[in-house]
Amino acid sequence: MTRPAQRSAGRDLIPGLGEDQPPAEVIDAYWTAIDLAAYGWHPKRLEFDANTATAFVTVHTPTRRTVTVSWDLRGNRKARQQVPGQGAAHRLIGLARAVASLGQSDAESGDDWLTQLCWLVQLHVGSPHRHHGNWRRSDPLPTVGSNEQPMSRGRSAAWLMARLVAKYGWTVRHLGEDIAGGGFIADIPGDVCAIFPATMEYDGTAAAALARLIPTLQAPDIELLAHRLDYRALWAQRHSTGGARR
């Protein structure tokens with residue numbers, strides 16, 4: 001493992017471990033993950049692929065998007081970056097480099113420091129997003145007449161859209177279209193314009209739940225979702241249906 005630069009005062013130890021502290025590189029990577037979480041960037045996956053000598057760091061962003069940064073040891077460079085903003089990108093790349101170094105060192109020595117880092121981050125940061133049951137709520141839409149209510153899946157998609165548009169402030173476009181991979185495209189304030197394809201992995205977020213649900217909808221429901229609903233009005237009345245209050 002590479003020796004990290006001098007650490008900030010008060011960060012030479014990991015709380016709760018007493019004198020049984022891991023190597024300095026694990027400590028530095030831990031504090032980087034803690035700093036990211038404090039700014040709303042919650043680490044979800046820290047992984048090293050020994051076959052490709054590449055580390056992957058996946059986080060949930062403050063804008064409720066899931067992004068991955070990777071570091072390729074073979075070229076000593078970032079292999080992928082999906083993060084706007086220099087501050088967060090710098091910390092994420094630094095964490096990816098540490099994960100790569102720890103993973104490679106473990107592969108060569110038989111140690112298990114990367115696994116310990118993952119455990120420490122999970123213990124002290126926790127899971128950033130629960131798999132909410134109300135992602136799939138299918139209550140009737142209070143802003144739509146009883147004779148115009150879509151089927152259950154259409155109502156579920158409408159509630160997901162309302163969360164993204166009214167609560168998160170996203171602009172959602174191109175529902176079900178080829179340009180969106182059958183899912184949708186979202187303009188995310190303070191972030192990027194992102195594609196959420198229908199084939200994306202479910203990551204516990206409302207966006208992934210919606211993207212995966214769209215291909216199961218009938219054309220009239222897609223048309224309703226894309227053009228006929230006022231999502232802010234719908235979200236404002238979400239408690240009137242007796243649904244979950246989240």
# chains A, B, ... in the order shown; residues from 1 in each chain; ligands from 1

call {"tool": "residues_around", "arguments": {"residues": "stretch 115-117 of chain A", "least_positions_apart": "6", "cutoff": "9 Å", "atoms": "only C-alpha atoms", "output": "NGL selection string"}}
result
:A and (22 or 26-27 or 29-30 or 46-47 or 99 or 103)

call {"tool": "write_last_selection", "arguments": {"atoms": "N, CA and C atoms", "output": "short mmCIF file (atom, residue, chain, number, x, y, z; two decimals), in the first residue's frame"}}
result
data_model
loop_
_atom_site.label_atom_id
_atom_site.label_comp_id
_atom_site.auth_asym_id
_atom_site.auth_seq_id
_atom_site.Cartn_x
_atom_site.Cartn_y
_atom_site.Cartn_z
N PRO A 22 -6.45 0.07 11.88
CA PRO A 22 -5.96 -0.47 10.62
C PRO A 22 -4.82 0.39 10.08
N VAL A 26 -6.13 2.81 5.15
CA VAL A 26 -7.53 2.49 5.46
C VAL A 26 -8.16 3.65 6.23
N ILE A 27 -7.40 4.21 7.17
CA ILE A 27 -7.92 5.34 7.96
C ILE A 27 -8.23 6.53 7.06
N ALA A 29 -8.87 6.54 3.83
CA ALA A 29 -10.01 6.23 2.96
C ALA A 29 -11.32 6.30 3.74
N TYR A 30 -11.29 5.86 4.98
CA TYR A 30 -12.47 5.94 5.83
C TYR A 30 -12.92 7.39 6.00
N LEU A 46 -17.89 -0.18 -2.64
CA LEU A 46 -16.45 -0.05 -2.78
C LEU A 46 -15.95 -1.42 -3.21
N GLU A 47 -15.42 -1.49 -4.41
CA GLU A 47 -15.11 -2.81 -4.97
C GLU A 47 -13.84 -2.76 -5.81
N VAL A 99 -9.20 2.60 -2.81
CA VAL A 99 -9.81 1.27 -2.95
C VAL A 99 -8.97 0.41 -3.88
N GLY A 103 -7.18 -2.91 -2.62
CA GLY A 103 -7.56 -4.15 -3.27
C GLY A 103 -6.38 -4.89 -3.86
#

call {"tool": "closest_residue", "arguments": {"among": "A:Thr199, A:Thr32, A:Thr61, A:Gln149", "to": "A:Asp221", "atoms": "only C-alpha atoms"}}
result
A:Gln149

call {"tool": "residues_around", "arguments": {"residues": "A:Trp170", "least_positions_apart": "4", "cutoff": "10 Å", "atoms": "only C-alpha atoms", "output": "compact mmCIF listing (two decimals) with N, CA and C atoms, in the first residue's frame"}}
result
# COMPACT_ATOMS: atom_id res chain seq x y z
N THR A 63 -28.51 14.70 -5.22
CA THR A 63 -29.66 14.88 -6.12
C THR A 63 -30.38 13.58 -6.40
N MET A 161 -43.23 9.54 -10.63
CA MET A 161 -42.97 10.77 -11.37
C MET A 161 -43.21 11.99 -10.48
N ALA A 162 -44.27 11.96 -9.69
CA ALA A 162 -44.57 13.09 -8.81
C ALA A 162 -43.44 13.33 -7.83
N ARG A 163 -42.86 12.24 -7.31
CA ARG A 163 -41.73 12.40 -6.38
C ARG A 163 -40.55 13.04 -7.08
N LEU A 164 -40.22 12.55 -8.27
CA LEU A 164 -39.06 13.08 -9.00
C LEU A 164 -39.26 14.54 -9.39
N VAL A 165 -40.44 14.87 -9.87
CA VAL A 165 -40.70 16.22 -10.40
C VAL A 165 -40.98 17.21 -9.27
N ALA A 166 -41.92 16.86 -8.39
CA ALA A 166 -42.37 17.83 -7.39
C ALA A 166 -41.45 17.89 -6.17
N ILE A 185 -35.35 10.39 -19.63
CA ILE A 185 -34.23 11.30 -19.48
C ILE A 185 -34.63 12.37 -18.47
N ALA A 186 -33.71 12.71 -17.58
CA ALA A 186 -34.01 13.70 -16.54
C ALA A 186 -32.97 14.80 -16.51
N ASP A 187 -33.45 16.04 -16.47
CA ASP A 187 -32.59 17.19 -16.18
C ASP A 187 -32.62 17.38 -14.67
N ILE A 188 -31.46 17.22 -14.02
CA ILE A 188 -31.38 17.22 -12.57
C ILE A 188 -30.74 18.52 -12.11
N PRO A 189 -31.44 19.35 -11.37
CA PRO A 189 -30.88 20.64 -10.94
C PRO A 189 -29.57 20.47 -10.20
N CYS A 193 -27.79 16.15 -17.07
CA CYS A 193 -28.89 15.56 -17.81
C CYS A 193 -28.56 14.07 -17.92

call {"tool": "select_by_dssp", "arguments": {"residues": "stretch 153-191 of chain A", "states": "helix (DSSP H, G or I)", "output": "PDB file with N, CA and C atoms, in the first residue's frame"}}
result
ATOM      1  N   ARG A 153     -50.277  -0.243 -12.374  1.00  0.00           N
ATOM      2  CA  ARG A 153     -48.898   0.096 -12.716  1.00  0.00           C
ATOM      3  C   ARG A 153     -48.787   1.546 -13.175  1.00  0.00           C
ATOM      4  N   GLY A 154     -49.793   2.027 -13.878  1.00  0.00           N
ATOM      5  CA  GLY A 154     -49.790   3.418 -14.306  1.00  0.00           C
ATOM      6  C   GLY A 154     -49.863   4.366 -13.131  1.00  0.00           C
ATOM      7  N   ARG A 155     -50.650   4.017 -12.128  1.00  0.00           N
ATOM      8  CA  ARG A 155     -50.731   4.861 -10.930  1.00  0.00           C
ATOM      9  C   ARG A 155     -49.404   4.839 -10.170  1.00  0.00           C
ATOM     10  N   SER A 156     -48.782   3.658 -10.086  1.00  0.00           N
ATOM     11  CA  SER A 156     -47.479   3.577  -9.428  1.00  0.00           C
ATOM     12  C   SER A 156     -46.464   4.483 -10.120  1.00  0.00           C
ATOM     13  N   ALA A 157     -46.457   4.451 -11.454  1.00  0.00           N
ATOM     14  CA  ALA A 157     -45.532   5.287 -12.220  1.00  0.00           C
ATOM     15  C   ALA A 157     -45.822   6.768 -11.997  1.00  0.00           C
ATOM     16  N   ALA A 158     -47.093   7.124 -11.887  1.00  0.00           N
ATOM     17  CA  ALA A 158     -47.454   8.527 -11.668  1.00  0.00           C
ATOM     18  C   ALA A 158     -46.941   9.022 -10.323  1.00  0.00           C
ATOM     19  N   TRP A 159     -47.044   8.196  -9.275  1.00  0.00           N
ATOM     20  CA  TRP A 159     -46.544   8.604  -7.963  1.00  0.00           C
ATOM     21  C   TRP A 159     -45.027   8.731  -7.969  1.00  0.00           C
ATOM     22  N   LEU A 160     -44.367   7.856  -8.694  1.00  0.00           N
ATOM     23  CA  LEU A 160     -42.912   7.966  -8.818  1.00  0.00           C
ATOM     24  C   LEU A 160     -42.527   9.251  -9.549  1.00  0.00           C
ATOM     25  N   MET A 161     -43.226   9.539 -10.627  1.00  0.00           N
ATOM     26  CA  MET A 161     -42.970  10.771 -11.366  1.00  0.00           C
ATOM     27  C   MET A 161     -43.206  11.989 -10.483  1.00  0.00           C
ATOM     28  N   ALA A 162     -44.267  11.956  -9.689  1.00  0.00           N
ATOM     29  CA  ALA A 162     -44.566  13.091  -8.811  1.00  0.00           C
ATOM     30  C   ALA A 162     -43.436  13.327  -7.829  1.00  0.00           C
ATOM     31  N   ARG A 163     -42.862  12.244  -7.307  1.00  0.00           N
ATOM     32  CA  ARG A 163     -41.735  12.396  -6.381  1.00  0.00           C
ATOM     33  C   ARG A 163     -40.545  13.043  -7.083  1.00  0.00           C
ATOM     34  N   LEU A 164     -40.219  12.552  -8.275  1.00  0.00           N
ATOM     35  CA  LEU A 164     -39.063  13.082  -8.999  1.00  0.00           C
ATOM     36  C   LEU A 164     -39.261  14.544  -9.388  1.00  0.00           C
ATOM     37  N   VAL A 165     -40.443  14.872  -9.873  1.00  0.00           N
ATOM     38  CA  VAL A 165     -40.700  16.217 -10.395  1.00  0.00           C
ATOM     39  C   VAL A 165     -40.980  17.211  -9.274  1.00  0.00           C
ATOM     40  N   ALA A 166     -41.920  16.863  -8.392  1.00  0.00           N
ATOM     41  CA  ALA A 166     -42.373  17.827  -7.385  1.00  0.00           C
ATOM     42  C   ALA A 166     -41.451  17.893  -6.167  1.00  0.00           C
ATOM     43  N   LYS A 167     -40.965  16.748  -5.703  1.00  0.00           N
ATOM     44  CA  LYS A 167     -40.130  16.756  -4.502  1.00  0.00           C
ATOM     45  C   LYS A 167     -38.663  17.012  -4.828  1.00  0.00           C
ATOM     46  N   ASP A 178     -36.968   5.530 -27.490  1.00  0.00           N
ATOM     47  CA  ASP A 178     -35.703   4.863 -27.788  1.00  0.00           C
ATOM     48  C   ASP A 178     -34.505   5.682 -27.325  1.00  0.00           C
ATOM     49  N   ILE A 179     -34.616   7.013 -27.456  1.00  0.00           N
ATOM     50  CA  ILE A 179     -33.496   7.877 -27.081  1.00  0.00           C
ATOM     51  C   ILE A 179     -33.177   7.735 -25.590  1.00  0.00           C
ATOM     52  N   ALA A 180     -34.164   7.289 -24.801  1.00  0.00           N
ATOM     53  CA  ALA A 180     -33.971   7.103 -23.366  1.00  0.00           C
ATOM     54  C   ALA A 180     -33.782   5.632 -23.018  1.00  0.00           C
TER      55      ALA A 180
END

call {"tool": "closest_residue", "arguments": {"among": "A:Ser138, A:Pro62, A:Glu177, A:Gly16", "to": "A:Ala38", "atoms": "only C-alpha atoms"}}
result
A:Pro62

call {"tool": "closest_residue", "arguments": {"among": "A:Thr66, A:Gln21, A:Thr216, A:Thr171", "to": "A:Pro43", "atoms": "only C-alpha atoms"}}
result
A:Thr66

call {"tool": "residues_around", "arguments": {"residues": "A:Ala53", "least_positions_apart": "3", "cutoff": "8 Å", "atoms": "only C-alpha atoms", "output": "JSON, numbers by chain"}}
result
{"A": [48, 49, 50, 72, 73, 74, 100, 104]}

call {"tool": "atom_distance", "arguments": {"atom1": "atom CA of A:Pro140", "atom2": "atom CA of A:Arg232"}}
result
15.7 Å
